[in-house]
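**Student:** Got a file for you: structure-v3.pdb, PDB, C-alpha atoms.
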ATOM      1  CA  MET T 156      30.069  24.452 -57.678  1.00  0.00           C
ATOM      2  CA  THR T 157      27.572  22.002 -56.256  1.00  0.00           C
ATOM      3  CA  SER T 158      28.210  19.353 -53.629  1.00  0.00           C
ATOM      4  CA  GLY T 159      27.836  16.759 -56.406  1.00  0.00           C
ATOM      5  CA  ASP T 160      30.584  18.494 -58.396  1.00  0.00           C
ATOM      6  CA  ILE T 161      32.832  18.499 -55.347  1.00  0.00           C
ATOM      7  CA  ALA T 162      32.157  14.807 -54.701  1.00  0.00           C
ATOM      8  CA  LEU T 163      32.934  13.896 -58.318  1.00  0.00           C
ATOM      9  CA  LEU T 164      36.164  15.913 -58.316  1.00  0.00           C
ATOM     10  CA  ARG T 165      37.215  14.219 -55.093  1.00  0.00           C
ATOM     11  CA  LEU T 166      36.573  10.759 -56.583  1.00  0.00           C
ATOM     12  CA  VAL T 167      38.530  11.649 -59.719  1.00  0.00           C
ATOM     13  CA  ASN T 168      41.439  13.167 -57.750  1.00  0.00           C
ATOM     14  CA  GLN T 169      41.602  10.078 -55.541  1.00  0.00           C
ATOM     15  CA  GLN T 170      41.579   7.931 -58.715  1.00  0.00           C
ATOM     16  CA  ILE T 171      38.447   6.109 -57.635  1.00  0.00           C
ATOM     17  CA  ALA T 172      36.147   7.343 -60.419  1.00  0.00           C
ATOM     18  CA  ALA T 173      38.834   7.283 -63.112  1.00  0.00           C
ATOM     19  CA  THR T 174      42.433   6.208 -63.391  1.00  0.00           C
ATOM     20  CA  GLN T 175      45.095   6.300 -66.054  1.00  0.00           C
ATOM     21  CA  CYS T 176      47.301   3.818 -64.199  1.00  0.00           C
ATOM     22  CA  LYS T 177      48.093   0.338 -65.481  1.00  0.00           C
ATOM     23  CA  GLU T 178      50.225  -1.045 -62.625  1.00  0.00           C
ATOM     24  CA  PRO T 179      49.794  -1.123 -58.835  1.00  0.00           C
ATOM     25  CA  ALA T 180      53.017   0.868 -58.358  1.00  0.00           C
ATOM     26  CA  GLU T 181      51.687   3.612 -60.656  1.00  0.00           C
ATOM     27  CA  VAL T 182      48.610   3.981 -58.462  1.00  0.00           C
ATOM     28  CA  VAL T 183      50.689   4.458 -55.320  1.00  0.00           C
ATOM     29  CA  ALA T 184      53.183   6.776 -57.034  1.00  0.00           C
ATOM     30  CA  SER T 185      50.455   8.958 -58.526  1.00  0.00           C
ATOM     31  CA  LEU T 186      49.001   9.542 -55.068  1.00  0.00           C
ATOM     32  CA  GLY T 187      52.408  10.065 -53.461  1.00  0.00           C
ATOM     33  CA  ALA T 188      51.582   7.524 -50.767  1.00  0.00           C
ATOM     34  CA  MET T 189      48.654   5.513 -49.482  1.00  0.00           C
ATOM     35  CA  GLN T 190      47.552   4.611 -45.988  1.00  0.00           C
ATOM     36  CA  ALA T 191      45.689   1.526 -44.814  1.00  0.00           C
ATOM     37  CA  GLN T 192      45.045   0.097 -41.377  1.00  0.00           C
ATOM     38  CA  ASP T 193      45.847  -3.489 -42.317  1.00  0.00           C
ATOM     39  CA  TYR T 194      47.187  -5.639 -45.145  1.00  0.00           C
ATOM     40  CA  LEU T 195      43.796  -6.500 -46.656  1.00  0.00           C
ATOM     41  CA  GLY T 196      42.870  -2.823 -46.536  1.00  0.00           C
ATOM     42  CA  THR T 197      46.008  -2.112 -48.538  1.00  0.00           C
ATOM     43  CA  LEU T 198      45.041  -4.619 -51.212  1.00  0.00           C
ATOM     44  CA  TRP T 199      41.516  -3.240 -51.354  1.00  0.00           C
ATOM     45  CA  ALA T 200      42.649   0.399 -51.584  1.00  0.00           C
ATOM     46  CA  ILE T 201      44.919  -0.341 -54.541  1.00  0.00           C
ATOM     47  CA  GLY T 202      42.459  -2.715 -56.210  1.00  0.00           C
ATOM     48  CA  LEU T 203      39.681  -0.133 -55.949  1.00  0.00           C
ATOM     49  CA  ARG T 204      41.814   2.247 -57.987  1.00  0.00           C
ATOM     50  CA  LEU T 205      42.978  -0.383 -60.466  1.00  0.00           C
ATOM     51  CA  PRO T 206      39.954  -2.562 -61.306  1.00  0.00           C
ATOM     52  CA  THR T 207      41.877  -4.707 -63.812  1.00  0.00           C
ATOM     53  CA  ALA T 208      44.473  -5.764 -61.227  1.00  0.00           C
ATOM     54  CA  THR T 209      44.251  -9.073 -59.450  1.00  0.00           C
ATOM     55  CA  GLU T 210      45.050  -9.668 -55.798  1.00  0.00           C
ATOM     56  CA  ALA T 211      48.058 -11.716 -56.904  1.00  0.00           C
ATOM     57  CA  GLU T 212      49.340  -8.845 -59.061  1.00  0.00           C
ATOM     58  CA  ILE T 213      49.159  -6.405 -56.157  1.00  0.00           C
ATOM     59  CA  GLU T 214      50.830  -8.875 -53.809  1.00  0.00           C
ATOM     60  CA  ARG T 215      53.565  -9.469 -56.408  1.00  0.00           C
ATOM     61  CA  ALA T 216      54.225  -5.712 -56.551  1.00  0.00           C
ATOM     62  CA  ILE T 217      54.602  -5.696 -52.771  1.00  0.00           C
ATOM     63  CA  ALA T 218      56.873  -8.785 -52.828  1.00  0.00           C
ATOM     64  CA  ASN T 219      59.000  -7.274 -55.621  1.00  0.00           C
ATOM     65  CA  ARG T 220      59.147  -4.022 -53.642  1.00  0.00           C
ATOM     66  CA  THR T 221      57.744  -1.882 -56.433  1.00  0.00           C
ATOM     67  CA  ILE T 222      55.363  -0.925 -53.627  1.00  0.00           C
ATOM     68  CA  ILE T 223      56.993  -0.476 -50.244  1.00  0.00           C
ATOM     69  CA  ARG T 224      55.056  -1.067 -47.054  1.00  0.00           C
ATOM     70  CA  THR T 225      56.133   0.732 -43.907  1.00  0.00           C
TER      71      THR T 225
END
Just give me the structure as structure tokens.

**Tutor:**
Amino acid sequence: MTSGDIALLRLVNQQIAATQCKEPAEVVASLGAMQAQDYLGTLWAIGLRLPTATEAEIERAIANRTIIRT
């Protein structure tokens, strides 16, 4: 296995290179949990893994508590 193969597998496993998720909550659930240093980092981390999502959609998931911030 080459370092390129390892990098690609890591991107796929982290759902950065490919995702099957349709909702922000699915992204978080599929990873078990996510960590971010600040609120905007949280939005970016989810949005990176769900390119069709809008900032408002992610914030709505947080407000509706389908994603829980601790």

**Student:** On this file, the PyMOL selection byres ((chain T and resi 208) around 12) gives some set of residues; write that set as number ranges by chain.

**Tutor:** T: 176-182, 198-207, 209-216

**Student:** Can you work out the spacing between CA of Thr197 (chain T) and CA of Asp160 (chain T) in Å, to one decimal?

**Tutor:**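 Computed distance, CA of Thr197 (chain T) to CA of Asp160 (chain T), equals 27.6 Å.
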
**Student:** Expressed in Å to a single decimal, how great is the separation between CA of Gln175 (chain T) and CA of Leu163 (chain T)?

**Tutor:** 16.3 Å

**Student:** Name the closest residue to Ile222 (chain T) among the candidates T:Ile171, T:Gly196, T:Gln190, T:Ala184; distances are taken between atoms, counting all atoms listed in the file.

**Tutor:**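 The shortest atom-to-atom distance to Ile222 (chain T) comes from T:Ala184.
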
**Student:** Would you please work out which residue, of T:Leu186, T:Met156, T:Ala218, T:Ile223, is nearest to Asn168 (chain T) when using only C-alpha atoms?

**Tutor:**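 Once distances to Asn168 (chain T) are computed over only C-alpha atoms, the minimum belongs to T:Leu186.
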
**Student:** In Å, rounded to a single decimal, give me how far CA of Arg220 (chain T) is from CA of Asp193 (chain T).

**Tutor:**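 Distance between the two atoms: 17.5 Å.
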